[in-house]
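Structure file run16.cif (mmCIF, C-alpha atoms) is printed below.
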data_run
loop_
_atom_site.label_atom_id
_atom_site.label_comp_id
_atom_site.auth_asym_id
_atom_site.auth_seq_id
_atom_site.Cartn_x
_atom_site.Cartn_y
_atom_site.Cartn_z
CA MET A 23 67.58 25.46 7.43
CA LEU A 24 65.80 27.23 10.26
CA PRO A 25 67.71 28.47 13.27
CA THR A 26 67.56 26.29 16.38
CA SER A 27 65.48 28.86 18.30
CA SER A 28 62.89 29.11 15.45
CA LEU A 29 62.63 25.34 15.18
CA SER A 30 62.11 25.06 18.93
CA ARG A 31 59.32 27.66 18.87
CA LEU A 32 57.62 25.85 15.93
CA LEU A 33 57.76 22.49 17.72
CA GLY A 34 56.41 24.10 20.85
CA LEU A 35 53.42 25.52 18.97
CA CYS A 36 52.68 22.15 17.37
CA LEU A 37 52.93 20.30 20.67
CA SER A 38 50.71 22.87 22.40
CA GLY A 39 48.12 22.39 19.65
CA LEU A 40 48.31 18.62 20.00
CA ALA A 41 47.84 18.90 23.72
CA LEU A 42 44.29 20.07 23.18
CA PRO A 43 41.49 17.50 22.98
CA LEU A 44 40.47 16.42 19.51
CA HIS A 45 37.04 17.92 19.91
CA ALA A 46 38.17 21.20 21.39
CA GLN A 47 38.11 23.08 18.09
CA LEU A 48 34.80 21.65 16.92
CA PRO A 49 31.78 23.94 16.63
CA GLN A 50 29.71 24.03 19.78
CA ALA A 51 26.72 22.32 18.20
CA THR A 52 28.83 19.41 16.87
CA ASP A 53 30.68 18.91 20.14
CA ALA A 54 27.45 18.93 22.14
CA ALA A 55 25.71 16.57 19.76
CA LEU A 56 28.54 14.02 19.71
CA LEU A 57 29.99 14.10 23.20
CA ALA A 58 27.01 15.00 25.40
CA ALA A 59 26.32 12.44 28.08
CA ALA A 60 22.56 12.42 27.49
CA PRO A 61 21.78 9.74 24.85
CA MET A 62 18.74 11.62 23.58
CA ALA A 63 20.67 14.77 22.72
CA PRO A 64 21.76 13.71 19.20
CA SER A 65 18.27 12.84 17.95
CA THR A 66 16.55 15.77 19.65
CA ALA A 67 19.07 18.23 18.31
CA ALA A 68 19.13 16.66 14.85
CA PRO A 69 15.80 17.94 13.50
CA ALA A 70 16.56 21.46 14.73
CA ALA A 71 19.21 22.11 12.09
CA PRO A 72 16.96 21.42 9.06
CA ALA A 73 14.21 23.56 10.59
CA ALA A 74 16.51 26.55 10.91
CA SER A 75 17.91 26.08 7.41
CA ALA A 76 14.40 25.59 6.06
CA ASP A 77 13.28 28.91 7.44
CA SER A 78 16.34 30.68 6.06
CA ALA A 79 15.93 29.06 2.63
CA GLY A 80 12.19 29.67 2.41
CA VAL A 81 11.23 26.00 2.78
CA ARG A 82 7.75 25.51 4.16
CA THR A 83 7.47 23.33 7.25
CA LEU A 84 4.37 21.13 7.49
CA SER A 85 3.03 19.31 10.52
CA LEU A 86 1.96 15.69 10.31
CA ASN A 87 -1.71 16.68 10.53
CA GLU A 88 -1.32 19.13 7.64
CA LEU A 89 0.43 16.49 5.56
CA ILE A 90 -2.32 13.91 6.18
CA ALA A 91 -5.04 16.45 5.41
CA THR A 92 -3.39 17.29 2.08
CA VAL A 93 -3.03 13.63 1.14
CA LEU A 94 -6.65 12.83 2.03
CA ALA A 95 -7.90 15.81 0.05
CA HIS A 96 -6.09 15.03 -3.20
CA ASN A 97 -5.19 11.34 -3.35
CA ALA A 98 -6.50 9.85 -6.60
CA ASP A 99 -7.20 6.36 -5.22
CA LEU A 100 -9.28 7.76 -2.36
CA GLN A 101 -11.24 10.03 -4.68
CA SER A 102 -11.94 7.09 -6.99
CA ALA A 103 -13.18 5.03 -4.07
CA GLN A 104 -15.40 7.87 -2.87
CA GLN A 105 -17.03 8.10 -6.29
CA SER A 106 -18.46 4.63 -5.75
CA ARG A 107 -20.94 6.19 -3.31
CA VAL A 108 -22.87 7.52 -6.28
CA THR A 109 -23.07 4.04 -7.79
CA ALA A 110 -24.23 2.55 -4.50
CA ALA A 111 -26.93 5.20 -4.05
CA ALA A 112 -28.19 4.56 -7.57
CA GLY A 113 -28.28 0.83 -6.83
CA ILE A 114 -30.50 1.39 -3.80
CA GLN A 115 -32.81 3.57 -5.88
CA SER A 116 -33.04 0.89 -8.58
CA ALA A 117 -33.73 -1.84 -6.03
CA SER A 118 -36.49 0.19 -4.39
CA ALA A 119 -38.29 1.06 -7.64
CA TYR A 120 -41.69 -0.46 -8.45
CA ALA A 121 -42.43 -2.22 -11.72
CA ASN A 122 -43.85 0.04 -14.42
CA PRO A 123 -47.41 -0.58 -15.72
CA ARG A 124 -47.86 -1.99 -19.19
CA LEU A 125 -50.19 -0.37 -21.73
CA GLU A 126 -51.66 -2.18 -24.75
CA TRP A 127 -53.65 -0.90 -27.69
CA GLN A 128 -55.13 -2.87 -30.58
CA SER A 129 -56.83 -1.83 -33.77
CA GLY A 130 -58.37 -3.80 -36.66
CA ARG A 131 -61.39 -4.21 -38.92
CA ASN A 132 -64.40 -6.51 -38.66
CA GLN A 133 -65.61 -8.00 -41.95
CA ALA A 134 -69.11 -9.49 -42.23
CA ARG A 135 -69.24 -13.11 -43.38
CA LEU A 136 -72.75 -13.94 -42.28
CA PRO A 137 -76.01 -12.26 -43.19
CA GLY A 138 -76.96 -9.64 -40.65
CA ALA A 139 -73.41 -9.02 -39.36
CA VAL A 140 -72.29 -5.44 -39.26
CA PRO A 141 -68.78 -4.72 -40.62
CA GLY A 142 -66.59 -1.96 -39.17
CA SER A 143 -63.45 -1.14 -37.16
CA VAL A 144 -62.43 -3.01 -34.00
CA GLN A 145 -60.34 -1.38 -31.24
CA GLY A 146 -59.06 -2.56 -27.91
CA TRP A 147 -56.85 -1.42 -25.07
CA GLY A 148 -55.47 -2.93 -21.90
CA VAL A 149 -53.52 -1.97 -18.78
CA SER A 150 -51.52 -4.47 -16.72
CA GLN A 151 -49.57 -3.94 -13.49
CA LEU A 152 -47.22 -6.38 -11.79
CA ILE A 153 -47.66 -6.48 -8.02
CA GLU A 154 -44.29 -7.85 -6.97
CA ASN A 155 -43.80 -10.29 -4.13
CA PRO A 156 -43.05 -8.05 -1.11
CA SER A 157 -40.47 -10.51 0.23
CA ALA A 158 -38.53 -10.52 -3.06
CA ARG A 159 -38.59 -6.74 -3.33
CA GLU A 160 -37.50 -6.29 0.31
CA ALA A 161 -34.66 -8.76 -0.15
CA ARG A 162 -33.47 -6.92 -3.26
CA ARG A 163 -33.52 -3.59 -1.43
CA THR A 164 -31.71 -5.06 1.59
CA ALA A 165 -29.00 -6.46 -0.68
CA ALA A 166 -28.53 -3.04 -2.31
CA GLU A 167 -28.25 -1.35 1.11
CA ALA A 168 -25.68 -3.94 2.20
CA SER A 169 -23.71 -3.22 -0.97
CA ALA A 170 -23.80 0.48 -0.11
CA ARG A 171 -22.46 -0.28 3.36
CA GLY A 172 -19.75 -2.38 1.78
CA THR A 173 -18.86 0.57 -0.44
CA GLU A 174 -18.52 2.81 2.61
CA GLN A 175 -16.26 0.27 4.27
CA ALA A 176 -14.19 0.01 1.09
CA ILE A 177 -13.71 3.78 1.26
CA ALA A 178 -12.78 3.50 4.94
CA LEU A 179 -10.33 0.70 4.11
CA THR A 180 -8.68 2.87 1.46
CA ARG A 181 -8.49 5.82 3.85
CA ASN A 182 -7.10 3.64 6.64
CA ALA A 183 -4.35 2.26 4.39
CA LEU A 184 -3.58 5.71 2.96
CA VAL A 185 -3.16 7.40 6.35
CA SER A 186 -1.10 4.44 7.54
CA GLU A 187 1.26 4.68 4.56
CA THR A 188 1.52 8.46 4.94
CA ARG A 189 2.46 8.20 8.61
CA LEU A 190 4.96 5.42 7.86
CA ARG A 191 6.59 7.43 5.07
CA ALA A 192 6.70 10.47 7.33
CA SER A 193 8.50 8.43 9.99
CA GLU A 194 10.89 7.16 7.33
CA TYR A 195 11.64 10.74 6.30
CA LEU A 196 12.37 11.68 9.93
CA LEU A 197 14.69 8.67 10.12
CA ARG A 198 16.60 9.59 6.96
CA ARG A 199 16.83 13.22 8.01
CA SER A 200 18.21 12.26 11.41
CA GLU A 201 20.68 9.88 9.77
CA ALA A 202 21.82 12.71 7.52
CA ASN A 203 22.34 14.93 10.56
CA VAL A 204 24.30 12.23 12.40
CA THR A 205 26.53 11.57 9.40
CA ALA A 206 27.04 15.30 8.87
CA GLU A 207 28.20 15.72 12.47
CA ASP A 208 30.44 12.69 12.04
CA LEU A 209 31.91 14.22 8.89
CA ALA A 210 32.62 17.50 10.65
CA LEU A 211 34.39 15.70 13.48
CA LEU A 212 36.46 13.64 11.04
CA GLU A 213 37.60 16.79 9.28
CA GLN A 214 38.80 18.22 12.58
CA VAL A 215 40.59 14.96 13.37
CA ARG A 216 42.29 15.03 9.98
CA GLU A 217 43.66 18.52 10.66
CA ARG A 218 45.13 17.33 13.96
CA VAL A 219 46.62 14.30 12.27
CA ARG A 220 48.22 16.47 9.59
CA LEU A 221 49.89 18.57 12.28
CA ARG A 222 51.31 15.49 13.94
CA VAL A 223 52.46 14.04 10.62
CA ALA A 224 54.07 17.37 9.67
CA SER A 225 55.91 17.45 12.98
CA GLY A 226 57.09 13.86 12.53
CA GLU A 227 55.21 12.49 15.54
CA ALA A 228 52.93 10.25 13.47
CA PRO A 229 53.41 8.21 10.30
CA ARG A 230 51.88 9.36 7.04
CA TYR A 231 49.45 6.44 6.80
CA GLU A 232 47.40 8.09 9.57
CA VAL A 233 46.57 10.96 7.19
CA ILE A 234 45.68 8.46 4.47
CA LYS A 235 43.40 6.62 6.89
CA ALA A 236 41.73 9.85 7.99
CA ASP A 237 41.18 10.90 4.37
CA ALA A 238 39.59 7.53 3.56
CA GLU A 239 37.25 7.83 6.54
CA ILE A 240 36.21 11.29 5.37
CA VAL A 241 35.39 9.98 1.90
CA HIS A 242 33.20 7.25 3.37
CA ALA A 243 31.54 9.67 5.79
CA ARG A 244 30.74 12.10 2.98
CA GLU A 245 29.24 9.26 0.95
CA ARG A 246 27.07 8.19 3.89
CA GLN A 247 25.88 11.74 4.44
CA GLN A 248 24.96 12.24 0.79
CA THR A 249 23.19 8.88 0.63
CA ALA A 250 21.07 9.68 3.69
CA ALA A 251 20.18 13.10 2.27
CA LEU A 252 19.14 11.59 -1.06
CA GLN A 253 17.03 8.95 0.70
CA ALA A 254 15.27 11.72 2.63
CA ASP A 255 14.52 13.53 -0.65
CA GLN A 256 13.18 10.32 -2.19
CA THR A 257 10.81 9.90 0.76
CA LEU A 258 9.54 13.45 0.22
CA LEU A 259 8.86 12.58 -3.41
CA THR A 260 6.90 9.50 -2.33
CA LEU A 261 4.79 11.62 0.01
CA ASN A 262 4.17 14.12 -2.76
CA ARG A 263 3.03 11.27 -5.01
CA LEU A 264 0.50 10.21 -2.37
CA ALA A 265 -0.78 13.80 -2.33
CA ALA A 266 -1.10 13.83 -6.15
CA GLY A 267 1.66 16.43 -6.44
CA ARG A 268 -0.20 19.03 -4.34
CA LEU A 269 2.51 19.51 -1.72
CA PRO A 270 4.73 22.62 -1.89
CA ALA A 271 7.72 22.56 -4.19
CA ARG A 272 10.10 22.90 -1.23
CA TRP A 273 8.91 21.69 2.13
CA SER A 274 10.00 19.86 5.24
CA LEU A 275 8.21 17.90 7.95
CA ALA A 276 8.11 18.92 11.59
CA GLY A 277 8.35 16.17 14.18
CA SER A 278 10.66 13.69 15.81
CA LEU A 279 11.02 9.93 16.04
CA GLN A 280 10.88 10.24 19.83
CA ASP A 281 7.11 10.87 19.79
CA ASP A 282 5.68 7.85 21.62
CA SER A 283 2.24 8.73 22.93
CA PRO A 284 0.53 6.05 25.05
CA LEU A 285 -1.52 3.37 23.33
CA PRO A 286 -4.53 1.46 24.65
CA THR A 287 -3.95 -1.90 26.24
CA LEU A 288 -3.72 -5.08 24.16
CA ALA A 289 -7.22 -6.14 25.17
CA GLU A 290 -8.63 -2.76 24.11
CA LEU A 291 -6.78 -2.90 20.78
CA LEU A 292 -8.14 -6.39 20.13
CA GLN A 293 -11.65 -5.16 20.87
CA GLN A 294 -11.22 -2.12 18.62
CA ALA A 295 -9.84 -4.28 15.80
CA ASP A 296 -12.81 -6.63 16.03
CA ALA A 297 -15.31 -3.75 16.00
CA GLU A 298 -13.67 -1.05 13.87
CA ASN A 299 -11.37 -2.77 11.39
CA PRO A 300 -12.71 -1.71 7.96
CA GLU A 301 -11.79 -5.01 6.31
CA LEU A 302 -13.89 -6.97 8.81
CA ARG A 303 -16.77 -4.53 8.43
CA ALA A 304 -16.58 -4.79 4.64
CA LEU A 305 -16.72 -8.60 4.89
CA GLN A 306 -19.67 -8.28 7.25
CA ALA A 307 -21.47 -6.10 4.70
CA GLU A 308 -20.78 -8.68 1.99
CA LEU A 309 -22.17 -11.39 4.25
CA GLU A 310 -25.36 -9.39 4.82
CA ARG A 311 -25.70 -8.86 1.08
CA ALA A 312 -25.31 -12.60 0.45
CA GLN A 313 -27.93 -13.34 3.09
CA ALA A 314 -30.36 -10.92 1.44
CA GLN A 315 -29.68 -12.49 -1.94
CA LEU A 316 -30.45 -15.92 -0.48
CA GLN A 317 -33.76 -14.64 0.83
CA GLY A 318 -34.48 -13.05 -2.53
CA ALA A 319 -33.74 -16.31 -4.35
CA ARG A 320 -36.18 -18.16 -2.13
CA ALA A 321 -38.85 -15.51 -2.60
CA SER A 322 -38.39 -15.51 -6.37
CA ARG A 323 -40.31 -18.79 -6.63
CA TRP A 324 -43.43 -16.64 -6.52
CA PRO A 325 -42.42 -13.45 -8.33
CA GLY A 326 -45.78 -11.75 -7.89
CA VAL A 327 -49.29 -11.21 -9.29
CA GLU A 328 -50.05 -9.36 -12.50
CA LEU A 329 -53.39 -7.50 -12.68
CA ARG A 330 -54.89 -6.69 -16.08
CA VAL A 331 -57.77 -4.47 -17.13
CA GLY A 332 -58.82 -4.28 -20.78
CA GLN A 333 -61.62 -3.38 -23.17
CA THR A 334 -62.47 -4.41 -26.74
CA ARG A 335 -64.97 -2.54 -28.91
CA ASP A 336 -66.50 -3.49 -32.27
CA PRO A 337 -69.45 -1.98 -34.20
CA GLU A 338 -71.97 -3.95 -32.15
CA VAL A 339 -70.38 -5.06 -28.85
CA ARG A 340 -68.12 -3.50 -26.19
CA GLN A 341 -66.31 -6.00 -23.92
CA SER A 342 -64.61 -5.08 -20.63
CA THR A 343 -62.31 -7.61 -18.88
CA VAL A 344 -60.41 -7.85 -15.62
CA GLY A 345 -57.77 -10.57 -15.20
CA VAL A 346 -55.13 -11.91 -12.82
CA SER A 347 -51.91 -13.65 -13.93
CA VAL A 348 -49.74 -15.75 -11.61
CA GLN A 349 -46.55 -17.61 -12.48
CA VAL A 350 -46.70 -21.11 -11.03
CA PRO A 351 -43.30 -22.65 -9.98
CA LEU A 352 -43.97 -25.97 -11.56
CA LEU A 353 -41.03 -26.55 -13.87
CA ASP A 354 -38.48 -24.17 -12.31
CA ARG A 355 -38.55 -24.01 -8.52
CA ARG A 356 -35.42 -21.75 -8.44
CA ASP A 357 -33.38 -24.49 -6.76
CA GLY A 358 -30.24 -23.52 -8.69
CA ALA A 359 -30.38 -19.83 -7.69
CA ILE A 360 -31.09 -20.78 -4.07
CA GLY A 361 -28.14 -23.19 -4.03
CA GLU A 362 -25.75 -20.59 -5.47
CA ALA A 363 -26.83 -17.94 -2.98
CA GLY A 364 -26.53 -20.39 -0.07
CA SER A 365 -23.06 -21.48 -1.12
CA GLU A 366 -21.92 -17.85 -1.43
CA TYR A 367 -23.27 -17.09 2.03
CA THR A 368 -21.40 -20.05 3.54
CA ARG A 369 -18.18 -19.04 1.78
CA LEU A 370 -18.34 -15.47 3.05
CA GLN A 371 -19.13 -16.64 6.58
CA GLY A 372 -16.02 -18.81 6.63
CA ARG A 373 -13.93 -15.99 5.16
CA LEU A 374 -15.13 -13.56 7.82
CA ASP A 375 -14.41 -15.96 10.69
CA GLY A 376 -10.96 -16.75 9.30
CA ARG A 377 -10.04 -13.09 8.81
CA ARG A 378 -11.18 -12.24 12.33
CA ALA A 379 -8.93 -14.92 13.82
CA GLU A 380 -6.03 -13.84 11.61
CA LEU A 381 -6.53 -10.22 12.62
CA ARG A 382 -6.22 -11.08 16.31
CA GLN A 383 -2.92 -12.81 15.59
CA GLN A 384 -1.66 -9.79 13.65
CA VAL A 385 -2.52 -7.44 16.51
CA GLN A 386 -0.69 -9.62 19.02
CA HIS A 387 2.33 -9.89 16.72
CA ALA A 388 2.46 -6.11 16.24
CA TRP A 389 2.15 -5.62 20.00
CA GLN A 390 5.14 -7.88 20.60
CA ALA A 391 7.11 -6.11 17.87
CA LEU A 392 6.40 -2.80 19.61
CA ALA A 393 7.58 -4.17 22.94
CA ILE A 394 10.79 -5.50 21.37
CA ALA A 395 11.48 -2.17 19.64
CA ARG A 396 10.95 -0.26 22.88
CA LEU A 397 13.35 -2.56 24.74
CA ARG A 398 15.90 -2.04 22.01
CA VAL A 399 15.54 1.74 22.25
CA GLN A 400 15.99 1.58 26.01
CA ALA A 401 19.06 -0.64 25.75
CA LEU A 402 20.70 1.55 23.12
CA SER A 403 19.91 4.89 24.71
CA GLU A 404 20.75 3.93 28.29
CA GLY A 405 23.68 1.60 27.64
CA VAL A 406 25.28 1.24 24.24
CA VAL A 407 25.33 4.89 23.19
CA GLN A 408 26.61 6.07 26.57
CA ASP A 409 29.34 3.42 26.59
CA ALA A 410 30.35 4.36 23.04
CA GLU A 411 30.55 8.02 24.02
CA ALA A 412 32.72 7.15 27.03
CA ALA A 413 34.96 4.96 24.86
CA LEU A 414 35.43 7.80 22.37
CA LYS A 415 36.44 10.18 25.15
CA VAL A 416 38.95 7.66 26.48
CA ALA A 417 40.40 7.12 22.99
CA GLN A 418 40.69 10.87 22.45
CA ALA A 419 42.44 11.32 25.76
CA ALA A 420 44.81 8.44 25.04
CA TYR A 421 45.61 9.84 21.60
CA ARG A 422 46.19 13.28 23.09
CA PHE A 423 48.84 11.88 25.42
CA GLY A 424 50.37 9.68 22.72
CA GLU A 425 49.27 6.36 24.23
CA ARG A 426 47.01 5.35 21.31
CA GLY A 427 47.07 5.89 17.58
CA ILE A 428 44.57 7.55 15.30
CA LEU A 429 43.08 4.17 14.37
CA ASP A 430 41.81 3.74 17.91
CA VAL A 431 40.09 7.14 17.77
CA LEU A 432 38.53 6.37 14.38
CA ASP A 433 37.34 2.97 15.58
CA ALA A 434 35.75 4.48 18.68
CA GLN A 435 34.10 7.15 16.58
CA ARG A 436 32.82 4.48 14.16
CA VAL A 437 31.32 2.51 17.06
CA LEU A 438 29.55 5.62 18.37
CA ARG A 439 28.19 6.45 14.94
CA SER A 440 26.91 2.91 14.50
CA ALA A 441 25.26 3.00 17.93
CA ARG A 442 23.51 6.29 17.19
CA LEU A 443 22.27 5.03 13.82
CA ASN A 444 21.01 1.84 15.46
CA LEU A 445 19.18 3.96 18.01
CA LEU A 446 17.49 5.91 15.23
CA GLU A 447 16.53 2.68 13.48
CA ALA A 448 15.06 1.30 16.72
CA ARG A 449 12.98 4.43 17.21
CA PHE A 450 11.72 4.08 13.65
CA GLN A 451 10.75 0.47 14.39
CA VAL A 452 8.75 1.74 17.38
CA GLN A 453 6.86 4.14 15.14
CA ALA A 454 6.29 1.45 12.50
CA ALA A 455 4.89 -0.98 15.09
CA ARG A 456 2.61 1.74 16.49
CA ILE A 457 1.30 2.56 13.02
CA ASP A 458 0.73 -1.13 12.33
CA LEU A 459 -1.28 -1.51 15.55
CA GLU A 460 -3.38 1.58 14.87
CA THR A 461 -4.01 0.43 11.30
CA LEU A 462 -5.17 -3.01 12.39
CA ALA A 463 -7.44 -1.38 14.99
CA GLY A 464 -8.99 0.79 12.27
CA ARG A 465 -8.13 4.05 14.02
CA PHE A 466 -7.48 5.80 10.69
CA ALA A 467 -10.63 4.53 8.96
CA ALA A 468 -13.04 7.21 10.16
CA LEU A 469 -13.20 10.51 8.31
CA PRO A 470 -11.90 13.00 10.91
CA SER A 471 -12.58 16.71 10.90
CA THR A 472 -9.01 17.06 12.19
CA PRO A 473 -6.61 14.42 10.90
CA GLN A 474 -5.28 12.08 13.52
#

Just dump the structure as structure tokens.
Amino acid sequence: MLPTSSLSRLLGLCLSGLALPLHAQLPQATDAALLAAAPMAPSTAAPAAPAASADSAGVRTLSLNELIATVLAHNADLQSAQQSRVTAAAGIQSASAYANPRLEWQSGRNQARLPGAVPGSVQGWGVSQLIENPSAREARRTAAEASARGTEQAIALTRNALVSETRLRASEYLLRRSEANVTAEDLALLEQVRERVRLRVASGEAPRYEVIKADAEIVHARERQQTAALQADQTLLTLNRLAAGRLPARWSLAGSLQDDSPLPTLAELLQQADAENPELRALQAELERAQAQLQGARASRWPGVELRVGQTRDPEVRQSTVGVSVQVPLLDRRDGAIGEAGSEYTRLQGRLDGRRAELRQQVQHAWQALAIARLRVQALSEGVVQDAEAALKVAQAAYRFGERGILDVLDAQRVLRSARLNLLEARFQVQAARIDLETLAGRFAALPSTPQ
């Protein structure tokens, strides 16, 4: 048994410790991140911690432009699509080539069957050259050039989708990293709360179930923090896969989900999508190729004129001949080939018109999604998060004066954590809608000297 004076001093020390706010003994960074009045402070301060730890641990920090440049330089799908340029160039060369001349040579022997005939060897040679119908040859070359343009648009389509996915995965990594920071700060605060609760339980001012509740909250908070960190690592692995494994072994991404540079107006985005979207331009190239093939099928009724020059020589006579050969479209007027080419042209025209109308709807839908996400960010940052912070302060003050229990503090802290995570998710939705709009407008399709 302790003396009465010692017991009084011990109770006085415990009560003086409990008189402090719950967040008074937190580190400065945690207290500022959780209880600051500005709603943007948690997300702006969140990426700073990984950057500092990355520098101390030797982790390389990449910018978004550097990441995109690495992905574009080494992605296997993009390199495979770019190789098709060689095939398209060879196709143009084949379509532009002229027909080769044909050489003939004959040799035999002349036997005399009548009196006075002279026997001996007989030899002959001939040269023939097909002069192709200029319309058919021009149509074939035009179709090959349209195929080459379609190949370029296929490359642009692959690049546009690749940059879009890279930017989306980068935004997802920033989201997971910020979630890990928020949950880490929440875990640190819960540990401080648990220490205060243990003091009150030890002094007999609070029941033991409050410590059990605090321990359970810490377990859940640690699980959330580890899950968010693992999700961030998985996103880095996905980005490294897009770059064909050429990213550094240990790296981090610089940036923030708050980046919201201005976009063109909806009318300008619709105009850009109609003019620059690589899928529409690829369909347009296919339509031009089909039109050239239709013209070629019509011109193939008269394939061309074949000129022939020859000479035959026997022991007595030398014969020289010049001839012209023309294929007459009497039995086959190429109606089947013309019908197939015309049907393909009509099909591609309908597909292009339908995709253009669908693209306009997609741009408008993405624009509305962006507006909704921005309204959600504004509502969370200017209302919900601030109210949750104020509610947590009130619960802490009430607990400090013994008017509320620890459950009220934990509930208020849980509400604030949920509000901050919802704010991060809303900012990610803003980035996703922006990326969707820029992808539909074809802003990533061009090959930039500096990645966008």

What are the centre and the three edge lengths of an axis-aligned box that wraps all atoms of range 373-380 of chain A in the file, given that 8 Å is added to every side, written as JSON and rounded to one decimal in Å?
{"center_x": -10.6, "center_y": -14.5, "center_z": 9.5, "size_x": 25.1, "size_y": 20.5, "size_z": 24.7}

Calculated over only C-alpha atoms, which of the candidates A:Leu302, A:Leu258, A:Val223, A:Leu252 has the smallest distance to Ala467 in chain A? A:Leu302

Could you tell me how far CA of Arg246 in chain A sits from CA of Leu432 in chain A, in Å to one decimal place? 15.6 Å

Measuring between all atoms listed in the file, which one of A:Ala166, A:Leu100, A:Val344, A:Leu443 shows the shortest distance to Arg199 in chain A? A:Leu443

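Residues selected in this file by the PyMOL selection byres ((chain A and resi 161) around 9) comprise Pro156, Ser157, Ala158, Arg159, Glu160, Arg162, Arg163, Thr164, Ala165, Ala166, Gln313, Ala314, Gln315, Leu316, Gln317, Gly318, Ala319 and Ala321 of chain A.
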
Nearest to Arg422 in chain A among A:Ala206, A:Ala393, A:Val219, A:Leu259, with distances taken over all atoms listed in the file: which residue is it? A:Val219

Given the file shown, determine the residues that the PyMOL selection byres ((chain A and resi 112-126) around 7) selects; report them as a VMD selection string. chain A and resid 108 to 111 127 to 128 147 to 152 162 to 163 166 to 167

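Going from CA of Thr257 in chain A to CA of Arg396 in chain A covers 24.3 Å.
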
Residues in the PyMOL selection byres ((chain A and resi 446-458) around 7), expressed as a PyMOL selection string: chain A and resi 186+190+193+197+279-280+388+391-392+395-396+398-399+442-445+459-462

Counting all atoms listed in the file, what is within 8 Å of Ala236 in chain A, bar same-chain residues fewer than 3 positions away, as a PyMOL selection string? chain A and resi 212+215-216+219+232-233+239-240+432

Spatial sel., origin (-2.1, 14.4, 7.7), limit 12 Å, all atoms listed in the file, listed as number ranges by chain: A: 84-97, 181-182, 184-192, 261, 264-265, 269, 275-276, 466, 469-474

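The gap separating CA of Leu414 in chain A from CA of Leu438 in chain A is 7.4 Å, in Å to one decimal.
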
Spatial neighbours of Ala271 in chain A, 9 Å, only C-alpha atoms, chain gap at least 4 places, as a ChimeraX atom specification: /A:81-82,267

For each of A:Ala410, A:Ala98, A:Ala307, A:Leu329, take the minimum atom-to-atom distance to Thr180 in chain A, counting only C-alpha atoms, then give the residue where this is smallest. A:Ala98

Pick out the closest residue to Asp296 in chain A from this set: A:Ala202, A:Leu402, A:Ala463, A:Val327. Count all atoms listed in the file.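 Using all atoms listed in the file, Asp296 in chain A sits closest to A:Ala463.
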
For a cut-off of 7 Å around (-10.3, -4.5, 2.1), file coordinates, pick out all residues using all atoms listed in the file and list them as a VMD selection string. chain A and resid 176 179 300 to 301 304

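Counting only C-alpha atoms and comparing A:Glu338, A:Val204, A:Val350, A:Ala363, the residue that lies closest to Gly138 in chain A is A:Glu338.
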